[in-house]
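Heads up, upload_2.pdb below (PDB, C-alpha atoms, pLDDT in the B column):
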MODEL        1
ATOM      1  CA  MET A   1    -277.120-123.318 -45.133  1.00 47.00           C
ATOM      2  CA  PRO A   2    -279.266-121.341 -42.685  1.00 51.00           C
ATOM      3  CA  PHE A   3    -280.485-117.927 -43.681  1.00 49.00           C
ATOM      4  CA  PRO A   4    -279.007-115.070 -41.659  1.00 53.00           C
ATOM      5  CA  SER A   5    -281.250-113.610 -38.997  1.00 51.00           C
ATOM      6  CA  PRO A   6    -282.778-110.286 -40.036  1.00 53.00           C
ATOM      7  CA  VAL A   7    -281.307-107.233 -38.391  1.00 51.00           C
ATOM      8  CA  PRO A   8    -283.930-105.708 -36.110  1.00 55.00           C
ATOM      9  CA  GLN A   9    -285.026-102.246 -37.193  1.00 55.00           C
ATOM     10  CA  ARG A  10    -285.430 -99.482 -34.649  1.00 49.00           C
ATOM     11  CA  THR A  11    -288.798 -97.749 -34.766  1.00 51.00           C
ATOM     12  CA  LEU A  12    -288.413 -94.150 -35.828  1.00 47.00           C
ATOM     13  CA  THR A  13    -289.592 -91.457 -33.463  1.00 55.00           C
ATOM     14  CA  PRO A  14    -292.177 -88.987 -34.833  1.00 52.00           C
ATOM     15  CA  GLU A  15    -289.428 -86.388 -35.241  1.00 57.00           C
ATOM     16  CA  GLU A  16    -287.340 -88.832 -37.311  1.00 59.00           C
ATOM     17  CA  GLN A  17    -290.134 -89.797 -39.677  1.00 65.00           C
ATOM     18  CA  PRO A  18    -290.291 -88.077 -43.073  1.00 72.00           C
ATOM     19  CA  SER A  19    -292.219 -84.823 -42.926  1.00 85.00           C
ATOM     20  CA  LEU A  20    -295.388 -84.416 -44.966  1.00 92.00           C
ATOM     21  CA  ALA A  21    -296.273 -81.359 -46.998  1.00 93.00           C
ATOM     22  CA  LEU A  22    -299.869 -80.184 -46.971  1.00 95.00           C
ATOM     23  CA  ASP A  23    -300.449 -81.527 -50.488  1.00 94.00           C
ATOM     24  CA  ASP A  24    -299.509 -85.017 -49.284  1.00 94.00           C
ATOM     25  CA  PHE A  25    -302.771 -85.224 -47.304  1.00 95.00           C
ATOM     26  CA  GLU A  26    -305.995 -86.700 -48.655  1.00 94.00           C
ATOM     27  CA  TYR A  27    -308.329 -84.155 -50.257  1.00 96.00           C
ATOM     28  CA  ALA A  28    -305.818 -81.290 -49.847  1.00 97.00           C
ATOM     29  CA  SER A  29    -305.961 -80.619 -53.592  1.00 97.00           C
ATOM     30  CA  LEU A  30    -309.764 -80.539 -53.430  1.00 97.00           C
ATOM     31  CA  LEU A  31    -309.639 -78.031 -50.593  1.00 97.00           C
ATOM     32  CA  ARG A  32    -307.193 -75.872 -52.548  1.00 97.00           C
ATOM     33  CA  ALA A  33    -309.634 -75.858 -55.467  1.00 97.00           C
ATOM     34  CA  VAL A  34    -312.850 -75.123 -53.558  1.00 96.00           C
ATOM     35  CA  SER A  35    -311.543 -72.975 -50.658  1.00 97.00           C
ATOM     36  CA  PRO A  36    -308.113 -71.584 -51.489  1.00 97.00           C
ATOM     37  CA  GLU A  37    -308.221 -69.115 -48.590  1.00 97.00           C
ATOM     38  CA  ILE A  38    -308.690 -71.923 -46.083  1.00 98.00           C
ATOM     39  CA  TYR A  39    -306.004 -74.012 -47.771  1.00 98.00           C
ATOM     40  CA  ASN A  40    -303.586 -71.078 -47.545  1.00 97.00           C
ATOM     41  CA  ALA A  41    -304.461 -70.418 -43.899  1.00 97.00           C
ATOM     42  CA  ILE A  42    -303.698 -74.047 -43.017  1.00 97.00           C
ATOM     43  CA  SER A  43    -300.439 -74.001 -44.967  1.00 96.00           C
ATOM     44  CA  GLU A  44    -299.276 -70.930 -43.044  1.00 96.00           C
ATOM     45  CA  LEU A  45    -299.771 -72.424 -39.582  1.00 96.00           C
ATOM     46  CA  MET A  46    -296.488 -72.670 -37.667  1.00 93.00           C
ATOM     47  CA  TRP A  47    -296.751 -76.434 -37.224  1.00 93.00           C
ATOM     48  CA  VAL A  48    -297.686 -77.052 -40.880  1.00 95.00           C
ATOM     49  CA  ALA A  49    -295.490 -74.629 -42.855  1.00 91.00           C
ATOM     50  CA  ASP A  50    -292.218 -76.560 -42.464  1.00 85.00           C
ATOM     51  CA  GLY A  51    -293.745 -80.008 -42.903  1.00 88.00           C
ATOM     52  CA  THR A  52    -295.853 -82.138 -40.598  1.00 87.00           C
ATOM     53  CA  HIS A  53    -294.515 -84.935 -38.404  1.00 81.00           C
ATOM     54  CA  GLY A  54    -296.164 -87.750 -36.450  1.00 84.00           C
ATOM     55  CA  ARG A  55    -299.032 -86.692 -34.232  1.00 85.00           C
ATOM     56  CA  ASP A  56    -299.751 -83.471 -36.129  1.00 91.00           C
ATOM     57  CA  GLY A  57    -300.929 -85.400 -39.181  1.00 94.00           C
ATOM     58  CA  GLY A  58    -304.334 -86.015 -37.590  1.00 95.00           C
ATOM     59  CA  PRO A  59    -305.035 -82.326 -36.939  1.00 96.00           C
ATOM     60  CA  VAL A  60    -303.977 -81.382 -40.476  1.00 97.00           C
ATOM     61  CA  GLN A  61    -306.385 -83.939 -41.939  1.00 97.00           C
ATOM     62  CA  GLY A  62    -309.050 -82.700 -39.538  1.00 97.00           C
ATOM     63  CA  LEU A  63    -308.654 -79.132 -40.769  1.00 98.00           C
ATOM     64  CA  ILE A  64    -308.812 -80.264 -44.399  1.00 98.00           C
ATOM     65  CA  ASP A  65    -312.007 -82.255 -43.802  1.00 97.00           C
ATOM     66  CA  LEU A  66    -313.516 -79.386 -41.828  1.00 97.00           C
ATOM     67  CA  GLY A  67    -312.611 -76.934 -44.586  1.00 97.00           C
ATOM     68  CA  ILE A  68    -314.384 -79.035 -47.202  1.00 97.00           C
ATOM     69  CA  GLU A  69    -317.474 -79.987 -45.182  1.00 96.00           C
ATOM     70  CA  SER A  70    -317.970 -76.771 -43.201  1.00 95.00           C
ATOM     71  CA  PRO A  71    -315.867 -73.882 -44.509  1.00 96.00           C
ATOM     72  CA  SER A  72    -317.308 -71.336 -42.075  1.00 95.00           C
ATOM     73  CA  SER A  73    -316.431 -73.598 -39.120  1.00 96.00           C
ATOM     74  CA  ALA A  74    -312.905 -74.081 -40.458  1.00 97.00           C
ATOM     75  CA  GLN A  75    -312.438 -70.322 -40.790  1.00 96.00           C
ATOM     76  CA  THR A  76    -313.709 -69.781 -37.251  1.00 96.00           C
ATOM     77  CA  LEU A  77    -311.316 -72.413 -35.915  1.00 96.00           C
ATOM     78  CA  LEU A  78    -308.354 -71.049 -37.866  1.00 97.00           C
ATOM     79  CA  ASN A  79    -308.891 -67.652 -36.245  1.00 95.00           C
ATOM     80  CA  MET A  80    -308.465 -69.089 -32.738  1.00 95.00           C
ATOM     81  CA  ARG A  81    -305.180 -68.190 -31.099  1.00 93.00           C
ATOM     82  CA  TRP A  82    -304.467 -71.630 -29.650  1.00 94.00           C
ATOM     83  CA  LEU A  83    -304.376 -73.159 -33.141  1.00 94.00           C
ATOM     84  CA  THR A  84    -301.620 -70.874 -34.387  1.00 90.00           C
ATOM     85  CA  ASP A  85    -298.926 -72.008 -31.922  1.00 88.00           C
ATOM     86  CA  GLU A  86    -297.452 -75.457 -31.445  1.00 88.00           C
ATOM     87  CA  LEU A  87    -300.313 -77.807 -30.627  1.00 92.00           C
ATOM     88  CA  ALA A  88    -300.639 -79.377 -27.206  1.00 93.00           C
ATOM     89  CA  ASP A  89    -301.943 -82.951 -27.093  1.00 94.00           C
ATOM     90  CA  GLU A  90    -305.410 -81.740 -26.058  1.00 95.00           C
ATOM     91  CA  GLU A  91    -305.566 -79.293 -28.952  1.00 96.00           C
ATOM     92  CA  ALA A  92    -304.388 -81.904 -31.451  1.00 95.00           C
ATOM     93  CA  ARG A  93    -307.036 -84.356 -30.227  1.00 95.00           C
ATOM     94  CA  VAL A  94    -309.849 -81.814 -30.621  1.00 96.00           C
ATOM     95  CA  THR A  95    -308.726 -80.621 -34.049  1.00 96.00           C
ATOM     96  CA  SER A  96    -308.626 -84.203 -35.353  1.00 96.00           C
ATOM     97  CA  SER A  97    -312.016 -84.996 -33.827  1.00 96.00           C
ATOM     98  CA  LEU A  98    -313.672 -81.903 -35.298  1.00 96.00           C
ATOM     99  CA  GLY A  99    -312.698 -83.206 -38.724  1.00 95.00           C
ATOM    100  CA  TYR A 100    -314.445 -86.520 -38.010  1.00 95.00           C
ATOM    101  CA  LEU A 101    -317.510 -84.698 -36.697  1.00 95.00           C
ATOM    102  CA  ALA A 102    -317.614 -82.471 -39.786  1.00 94.00           C
ATOM    103  CA  LEU A 103    -317.906 -85.598 -41.929  1.00 93.00           C
ATOM    104  CA  ASP A 104    -320.685 -87.093 -39.784  1.00 92.00           C
ATOM    105  CA  VAL A 105    -322.679 -84.116 -38.452  1.00 92.00           C
ATOM    106  CA  PRO A 106    -321.803 -81.028 -40.525  1.00 90.00           C
ATOM    107  CA  ASP A 107    -324.951 -79.234 -39.396  1.00 88.00           C
ATOM    108  CA  ALA A 108    -324.031 -79.542 -35.704  1.00 90.00           C
ATOM    109  CA  ILE A 109    -320.390 -78.627 -36.164  1.00 92.00           C
ATOM    110  CA  GLU A 110    -321.201 -75.029 -37.144  1.00 91.00           C
ATOM    111  CA  ASP A 111    -322.797 -74.410 -33.737  1.00 91.00           C
ATOM    112  CA  MET A 112    -320.159 -76.395 -31.877  1.00 94.00           C
ATOM    113  CA  VAL A 113    -316.920 -74.744 -33.022  1.00 95.00           C
ATOM    114  CA  PRO A 114    -317.641 -71.251 -31.590  1.00 94.00           C
ATOM    115  CA  LEU A 115    -318.601 -72.633 -28.144  1.00 93.00           C
ATOM    116  CA  PRO A 116    -316.477 -71.610 -25.106  1.00 91.00           C
ATOM    117  CA  SER A 117    -315.251 -75.202 -24.686  1.00 90.00           C
ATOM    118  CA  ILE A 118    -313.379 -74.808 -27.986  1.00 94.00           C
ATOM    119  CA  ALA A 119    -312.970 -71.078 -28.570  1.00 92.00           C
ATOM    120  CA  ASP A 120    -311.461 -70.224 -25.172  1.00 90.00           C
ATOM    121  CA  GLY A 121    -308.706 -72.836 -25.303  1.00 91.00           C
ATOM    122  CA  ILE A 122    -308.835 -76.576 -24.760  1.00 94.00           C
ATOM    123  CA  THR A 123    -308.696 -78.332 -21.399  1.00 94.00           C
ATOM    124  CA  GLU A 124    -308.090 -82.050 -21.022  1.00 95.00           C
ATOM    125  CA  ASP A 125    -311.719 -82.633 -19.996  1.00 95.00           C
ATOM    126  CA  GLU A 126    -312.948 -80.774 -23.065  1.00 95.00           C
ATOM    127  CA  SER A 127    -310.617 -82.628 -25.412  1.00 96.00           C
ATOM    128  CA  TRP A 128    -311.726 -86.072 -24.243  1.00 96.00           C
ATOM    129  CA  ALA A 129    -315.382 -85.009 -24.448  1.00 96.00           C
ATOM    130  CA  ILE A 130    -315.087 -83.785 -28.055  1.00 96.00           C
ATOM    131  CA  SER A 131    -313.160 -86.872 -29.150  1.00 95.00           C
ATOM    132  CA  SER A 132    -315.779 -89.107 -27.505  1.00 96.00           C
ATOM    133  CA  LEU A 133    -318.514 -87.302 -29.440  1.00 95.00           C
ATOM    134  CA  ALA A 134    -316.738 -88.445 -32.595  1.00 93.00           C
ATOM    135  CA  ASP A 135    -317.029 -92.048 -31.337  1.00 93.00           C
ATOM    136  CA  LEU A 136    -320.721 -91.568 -30.573  1.00 95.00           C
ATOM    137  CA  ALA A 137    -321.333 -90.081 -34.042  1.00 94.00           C
ATOM    138  CA  LEU A 138    -320.410 -93.418 -35.616  1.00 91.00           C
ATOM    139  CA  GLU A 139    -323.483 -94.878 -33.907  1.00 93.00           C
ATOM    140  CA  SER A 140    -325.936 -91.984 -34.011  1.00 94.00           C
ATOM    141  CA  MET A 141    -325.658 -88.519 -35.519  1.00 93.00           C
ATOM    142  CA  ASP A 142    -328.885 -87.550 -33.744  1.00 94.00           C
ATOM    143  CA  ALA A 143    -327.314 -88.395 -30.387  1.00 95.00           C
ATOM    144  CA  VAL A 144    -324.471 -85.960 -31.089  1.00 95.00           C
ATOM    145  CA  ARG A 145    -326.935 -83.258 -32.119  1.00 94.00           C
ATOM    146  CA  THR A 146    -328.867 -83.784 -28.889  1.00 95.00           C
ATOM    147  CA  ILE A 147    -325.789 -83.504 -26.677  1.00 95.00           C
ATOM    148  CA  ALA A 148    -324.470 -80.494 -28.592  1.00 93.00           C
ATOM    149  CA  SER A 149    -327.752 -78.683 -27.914  1.00 92.00           C
ATOM    150  CA  ARG A 150    -327.787 -79.348 -24.151  1.00 94.00           C
ATOM    151  CA  LYS A 151    -327.323 -76.247 -22.020  1.00 94.00           C
ATOM    152  CA  TRP A 152    -324.662 -77.963 -19.938  1.00 94.00           C
ATOM    153  CA  PHE A 153    -322.638 -78.622 -23.097  1.00 94.00           C
ATOM    154  CA  VAL A 154    -323.104 -75.170 -24.591  1.00 93.00           C
ATOM    155  CA  ASP A 155    -321.965 -73.224 -21.522  1.00 90.00           C
ATOM    156  CA  GLY A 156    -318.663 -75.095 -21.081  1.00 89.00           C
ATOM    157  CA  ILE A 157    -317.745 -78.691 -20.257  1.00 94.00           C
ATOM    158  CA  THR A 158    -317.031 -79.603 -16.635  1.00 94.00           C
ATOM    159  CA  GLU A 159    -315.216 -82.724 -15.443  1.00 95.00           C
ATOM    160  CA  ASP A 160    -318.466 -84.586 -14.704  1.00 96.00           C
ATOM    161  CA  GLU A 161    -319.957 -83.578 -18.040  1.00 96.00           C
ATOM    162  CA  SER A 162    -316.826 -84.778 -19.806  1.00 96.00           C
ATOM    163  CA  LEU A 163    -317.004 -88.112 -17.974  1.00 96.00           C
ATOM    164  CA  VAL A 164    -320.612 -88.522 -19.095  1.00 96.00           C
ATOM    165  CA  ILE A 165    -319.707 -87.947 -22.741  1.00 96.00           C
ATOM    166  CA  GLN A 166    -316.658 -90.205 -22.483  1.00 96.00           C
ATOM    167  CA  SER A 167    -318.819 -92.978 -21.027  1.00 96.00           C
ATOM    168  CA  LEU A 168    -321.408 -92.566 -23.775  1.00 96.00           C
ATOM    169  CA  GLY A 169    -318.704 -92.754 -26.428  1.00 95.00           C
ATOM    170  CA  SER A 170    -317.165 -95.823 -24.830  1.00 94.00           C
ATOM    171  CA  ILE A 171    -320.518 -97.606 -24.442  1.00 94.00           C
ATOM    172  CA  SER A 172    -321.240 -96.782 -28.069  1.00 93.00           C
ATOM    173  CA  TYR A 173    -317.902 -98.264 -29.130  1.00 91.00           C
ATOM    174  CA  GLU A 174    -318.350-101.423 -27.047  1.00 88.00           C
ATOM    175  CA  THR A 175    -322.039-102.126 -27.622  1.00 91.00           C
ATOM    176  CA  GLY A 176    -323.507 -99.694 -30.146  1.00 92.00           C
ATOM    177  CA  MET A 177    -325.968 -98.633 -27.445  1.00 92.00           C
ATOM    178  CA  GLY A 178    -324.579 -95.317 -26.227  1.00 93.00           C
ATOM    179  CA  SER A 179    -327.333 -93.321 -27.891  1.00 93.00           C
ATOM    180  CA  THR A 180    -329.911 -95.189 -25.781  1.00 92.00           C
ATOM    181  CA  PHE A 181    -328.990 -93.042 -22.786  1.00 93.00           C
ATOM    182  CA  VAL A 182    -328.752 -89.655 -24.492  1.00 93.00           C
ATOM    183  CA  THR A 183    -332.439 -88.718 -24.282  1.00 90.00           C
ATOM    184  CA  MET A 184    -332.979 -90.062 -20.768  1.00 89.00           C
ATOM    185  CA  PRO A 185    -334.225 -87.382 -18.337  1.00 91.00           C
ATOM    186  CA  PHE A 186    -331.262 -87.705 -15.962  1.00 88.00           C
ATOM    187  CA  LEU A 187    -328.965 -86.296 -18.674  1.00 91.00           C
ATOM    188  CA  GLU A 188    -330.895 -83.055 -19.029  1.00 91.00           C
ATOM    189  CA  SER A 189    -328.571 -81.687 -16.358  1.00 92.00           C
ATOM    190  CA  ILE A 190    -325.425 -83.345 -15.052  1.00 94.00           C
ATOM    191  CA  GLU A 191    -324.555 -83.979 -11.416  1.00 92.00           C
ATOM    192  CA  PRO A 192    -321.698 -86.129 -10.016  1.00 93.00           C
ATOM    193  CA  PRO A 193    -323.998 -89.148  -9.425  1.00 92.00           C
ATOM    194  CA  ASP A 194    -324.912 -89.095 -13.116  1.00 92.00           C
ATOM    195  CA  SER A 195    -321.318 -89.387 -14.267  1.00 94.00           C
ATOM    196  CA  HIS A 196    -320.622 -92.114 -11.696  1.00 94.00           C
ATOM    197  CA  ALA A 197    -323.665 -94.096 -12.844  1.00 92.00           C
ATOM    198  CA  LEU A 198    -322.671 -93.953 -16.510  1.00 93.00           C
ATOM    199  CA  MET A 199    -319.056 -94.839 -15.710  1.00 95.00           C
ATOM    200  CA  SER A 200    -320.327 -97.936 -13.887  1.00 94.00           C
ATOM    201  CA  LEU A 201    -322.501 -98.874 -16.854  1.00 93.00           C
ATOM    202  CA  ASP A 202    -319.548 -98.335 -19.175  1.00 93.00           C
ATOM    203  CA  MET A 203    -317.424-100.709 -17.102  1.00 93.00           C
ATOM    204  CA  LEU A 204    -320.262-103.220 -17.017  1.00 92.00           C
ATOM    205  CA  SER A 205    -320.663-103.099 -20.813  1.00 90.00           C
ATOM    206  CA  TYR A 206    -317.017-104.081 -21.149  1.00 87.00           C
ATOM    207  CA  GLU A 207    -316.612-106.577 -18.314  1.00 90.00           C
ATOM    208  CA  ALA A 208    -320.089-108.149 -18.172  1.00 90.00           C
ATOM    209  CA  PRO A 209    -321.978-107.494 -21.413  1.00 85.00           C
ATOM    210  CA  GLU A 210    -324.781-109.931 -20.542  1.00 88.00           C
ATOM    211  CA  ALA A 211    -325.495-108.078 -17.285  1.00 89.00           C
ATOM    212  CA  PHE A 212    -325.399-104.800 -19.206  1.00 88.00           C
ATOM    213  CA  ASP A 213    -327.977-106.151 -21.676  1.00 87.00           C
ATOM    214  CA  ASP A 214    -330.184-107.259 -18.756  1.00 86.00           C
ATOM    215  CA  ILE A 215    -330.168-103.741 -17.322  1.00 84.00           C
ATOM    216  CA  LEU A 216    -331.169-102.243 -20.671  1.00 82.00           C
ATOM    217  CA  SER A 217    -334.010-104.746 -21.070  1.00 82.00           C
ATOM    218  CA  ASN A 218    -335.286-104.034 -17.537  1.00 73.00           C
ATOM    219  CA  PRO A 219    -334.750-100.308 -16.963  1.00 62.00           C
TER     220      PRO A 219
ENDMDL
END

Re-express the file's structure as structure tokens.
Amino acid sequence: MPFPSPVPQRTLTPEEQPSLALDDFEYASLLRAVSPEIYNAISELMWVADGTHGRDGGPVQGLIDLGIESPSSAQTLLNMRWLTDELADEEARVTSSLGYLALDVPDAIEDMVPLPSIADGITEDESWAISSLADLALESMDAVRTIASRKWFVDGITEDESLVIQSLGSISYETGMGSTFVTMPFLESIEPPDSHALMSLDMLSYEAPEAFDDILSNP
């Protein structure tokens, strides 16, 4: 006798998934013990107070990690107006990424959070740049520190500057060699040709890794 075919299950939308309370997140109890004021500030956010769904889980975990690793940075971030309303995708991406960066480069994060690219509201270019820094940090914490200290990063992130950081993060993910380019003189200031060159190298690292390796061995 054949077994009956299983009934296919519909994937729940984020809104249909069970909501998570703050205490359901990893290390939330630790944060409550070591920094109760930060824990309370997170719990009172509009998009956290009634339970967290889907995409907002990443930002909540990011705030918890930031609160544990860099309490002053977490407090600075929690005082920013854009964090108190419903999060846009760009804002969610940055908040999650800052948590990753706090775990990897806590010394750099304290200087990074108050910068205009974060404090004045988040653009799409800025969000992709910050999230790509988190990718680069997995390869080299020093590379992130170097970029975070560049004048062109400190004074606000333009489209070309974002493309440079995105390419570095992608090259790092594909080859583990993104940090190789960070200290090169052409990245001391960013012009459109610089972003185009790194985007081409990024594509090459993915589509023709042997050719990419040849370029690195014969700069």

Any idea what's packed within 10 Å of A:Val154, counting all atoms listed in the file, ignoring anything in its chain fewer than 4 positions away? Could you give it as an MDAnalysis selection string? chainID A and resid 111:112 114:117 147:150

What does the PyMOL selection byres ((chain A and resi 94-103) around 7) select in this file, as a PDB file with C-alpha atoms, in the coordinates of the input?
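And here is the file that came out, out30.pdb:
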ATOM      1  CA  GLY A  58    -304.334 -86.015 -37.590  1.00 95.00           C
ATOM      2  CA  PRO A  59    -305.035 -82.326 -36.939  1.00 96.00           C
ATOM      3  CA  GLN A  61    -306.385 -83.939 -41.939  1.00 97.00           C
ATOM      4  CA  GLY A  62    -309.050 -82.700 -39.538  1.00 97.00           C
ATOM      5  CA  LEU A  63    -308.654 -79.132 -40.769  1.00 98.00           C
ATOM      6  CA  ASP A  65    -312.007 -82.255 -43.802  1.00 97.00           C
ATOM      7  CA  LEU A  66    -313.516 -79.386 -41.828  1.00 97.00           C
ATOM      8  CA  GLU A  69    -317.474 -79.987 -45.182  1.00 96.00           C
ATOM      9  CA  SER A  70    -317.970 -76.771 -43.201  1.00 95.00           C
ATOM     10  CA  GLU A  90    -305.410 -81.740 -26.058  1.00 95.00           C
ATOM     11  CA  GLU A  91    -305.566 -79.293 -28.952  1.00 96.00           C
ATOM     12  CA  ALA A  92    -304.388 -81.904 -31.451  1.00 95.00           C
ATOM     13  CA  ARG A  93    -307.036 -84.356 -30.227  1.00 95.00           C
ATOM     14  CA  ASP A 104    -320.685 -87.093 -39.784  1.00 92.00           C
ATOM     15  CA  VAL A 105    -322.679 -84.116 -38.452  1.00 92.00           C
ATOM     16  CA  PRO A 106    -321.803 -81.028 -40.525  1.00 90.00           C
ATOM     17  CA  ILE A 109    -320.390 -78.627 -36.164  1.00 92.00           C
ATOM     18  CA  SER A 127    -310.617 -82.628 -25.412  1.00 96.00           C
ATOM     19  CA  ILE A 130    -315.087 -83.785 -28.055  1.00 96.00           C
ATOM     20  CA  SER A 131    -313.160 -86.872 -29.150  1.00 95.00           C
ATOM     21  CA  ALA A 134    -316.738 -88.445 -32.595  1.00 93.00           C
TER      22      ALA A 134
END

Near-stretch 213-219 of chain A list (10 Å; only C-alpha atoms; drop same-chain fewer than 5 positions) as a list in words: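 Counting only the stated atoms, we get Thr175, Met177, Thr180, Phe181, Leu201, Leu204, Ser205 and Ala208 of chain A.
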
Point (-309.7, -66.9, -30.9), cut-off 7 Å, counting only C-alpha atoms, residues as a PDB file with C-alpha atoms, keeping the file's coordinate frame:
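Output below, filename result-v7.pdb:
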ATOM      1  CA  ASN A  79    -308.891 -67.652 -36.245  1.00 95.00           C
ATOM      2  CA  MET A  80    -308.465 -69.089 -32.738  1.00 95.00           C
ATOM      3  CA  ARG A  81    -305.180 -68.190 -31.099  1.00 93.00           C
ATOM      4  CA  ALA A 119    -312.970 -71.078 -28.570  1.00 92.00           C
ATOM      5  CA  ASP A 120    -311.461 -70.224 -25.172  1.00 90.00           C
TER       6      ASP A 120
END

Write out as an MDAnalysis selection string the residues lying within 9 Å of stretch 157-172 of chain A, counting all atoms listed in the file and excluding same-chain residues fewer than 3 positions away. chainID A and resid 116:117 125:140 147 152:154 175:179 181:182 187 189:203 205:206

Please evaluate the PyMOL selection byres ((chain A and resi 39-55) around 8) against the structure above and give the resulting residues as an MDAnalysis selection string. chainID A and resid 14:15 17:22 28 31:32 35:38 56:60 63:64 67 78 83:87 92

Residue nearest A:Ala33 among A:Ala211, A:Ala88, A:Ile68, A:Val113 (counting all atoms listed in the file):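 Among the listed residues, the smallest separation from A:Ala33 belongs to A:Ile68.
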
Which residue is closest to A:Ser73? Choose from A:Asp142, A:Asp107, A:Glu124, A:Asp23 and count all atoms listed in the file. A:Asp107

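Interatomic distance, atom CA of A:Ile122 to atom CA of A:Ala74: 16.4 Å.
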
Of the listed residues A:Glu110, A:Asp89, A:Thr76, A:Glu174, that which approaches A:Pro209 most closely, counting only C-alpha atoms: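 Selected residue with least distance to A:Pro209: A:Glu174.
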
Could you tell me how far atom CA of A:Gln75 sits from atom CA of A:Thr146, in Å to one decimal place? 24.3 Å

Completion of stretch 211-216 of chain A up to all heavy atoms, as a compact mmCIF listing (two decimals), keeping the file's coordinate frame:
# COMPACT_ATOMS: atom_id res chain seq x y z
N ALA A 211 -324.85 -108.84 -18.36
CA ALA A 211 -325.50 -108.08 -17.28
C ALA A 211 -325.91 -106.70 -17.78
O ALA A 211 -326.97 -106.18 -17.41
CB ALA A 211 -324.55 -107.95 -16.09
N PHE A 212 -325.07 -106.10 -18.62
CA PHE A 212 -325.40 -104.80 -19.21
C PHE A 212 -326.68 -104.91 -20.04
O PHE A 212 -327.58 -104.06 -19.94
CB PHE A 212 -324.23 -104.32 -20.05
CG PHE A 212 -324.48 -103.02 -20.79
CD1 PHE A 212 -324.33 -101.80 -20.14
CD2 PHE A 212 -324.86 -103.04 -22.13
CE1 PHE A 212 -324.57 -100.61 -20.82
CE2 PHE A 212 -325.09 -101.84 -22.81
CZ PHE A 212 -324.95 -100.63 -22.14
N ASP A 213 -326.78 -105.96 -20.85
CA ASP A 213 -327.98 -106.15 -21.68
C ASP A 213 -329.21 -106.34 -20.80
O ASP A 213 -330.31 -105.86 -21.14
CB ASP A 213 -327.80 -107.36 -22.59
CG ASP A 213 -326.76 -107.13 -23.68
OD1 ASP A 213 -326.44 -105.95 -23.94
OD2 ASP A 213 -326.25 -108.12 -24.24
N ASP A 214 -329.05 -107.05 -19.67
CA ASP A 214 -330.18 -107.26 -18.76
C ASP A 214 -330.68 -105.93 -18.20
O ASP A 214 -331.90 -105.71 -18.07
CB ASP A 214 -329.77 -108.18 -17.60
CG ASP A 214 -329.61 -109.62 -18.05
OD1 ASP A 214 -330.10 -109.96 -19.14
OD2 ASP A 214 -328.95 -110.40 -17.31
N ILE A 215 -329.77 -105.04 -17.86
CA ILE A 215 -330.17 -103.74 -17.32
C ILE A 215 -330.93 -102.94 -18.37
O ILE A 215 -331.97 -102.32 -18.07
CB ILE A 215 -328.92 -102.95 -16.85
CG1 ILE A 215 -328.34 -103.60 -15.59
CG2 ILE A 215 -329.26 -101.49 -16.61
CD1 ILE A 215 -327.07 -102.97 -15.11
N LEU A 216 -330.47 -102.99 -19.62
CA LEU A 216 -331.17 -102.24 -20.67
C LEU A 216 -332.55 -102.83 -20.95
O LEU A 216 -333.48 -102.10 -21.30
CB LEU A 216 -330.35 -102.27 -21.96
CG LEU A 216 -329.11 -101.38 -22.01
CD1 LEU A 216 -328.53 -101.38 -23.41
CD2 LEU A 216 -329.43 -99.96 -21.58
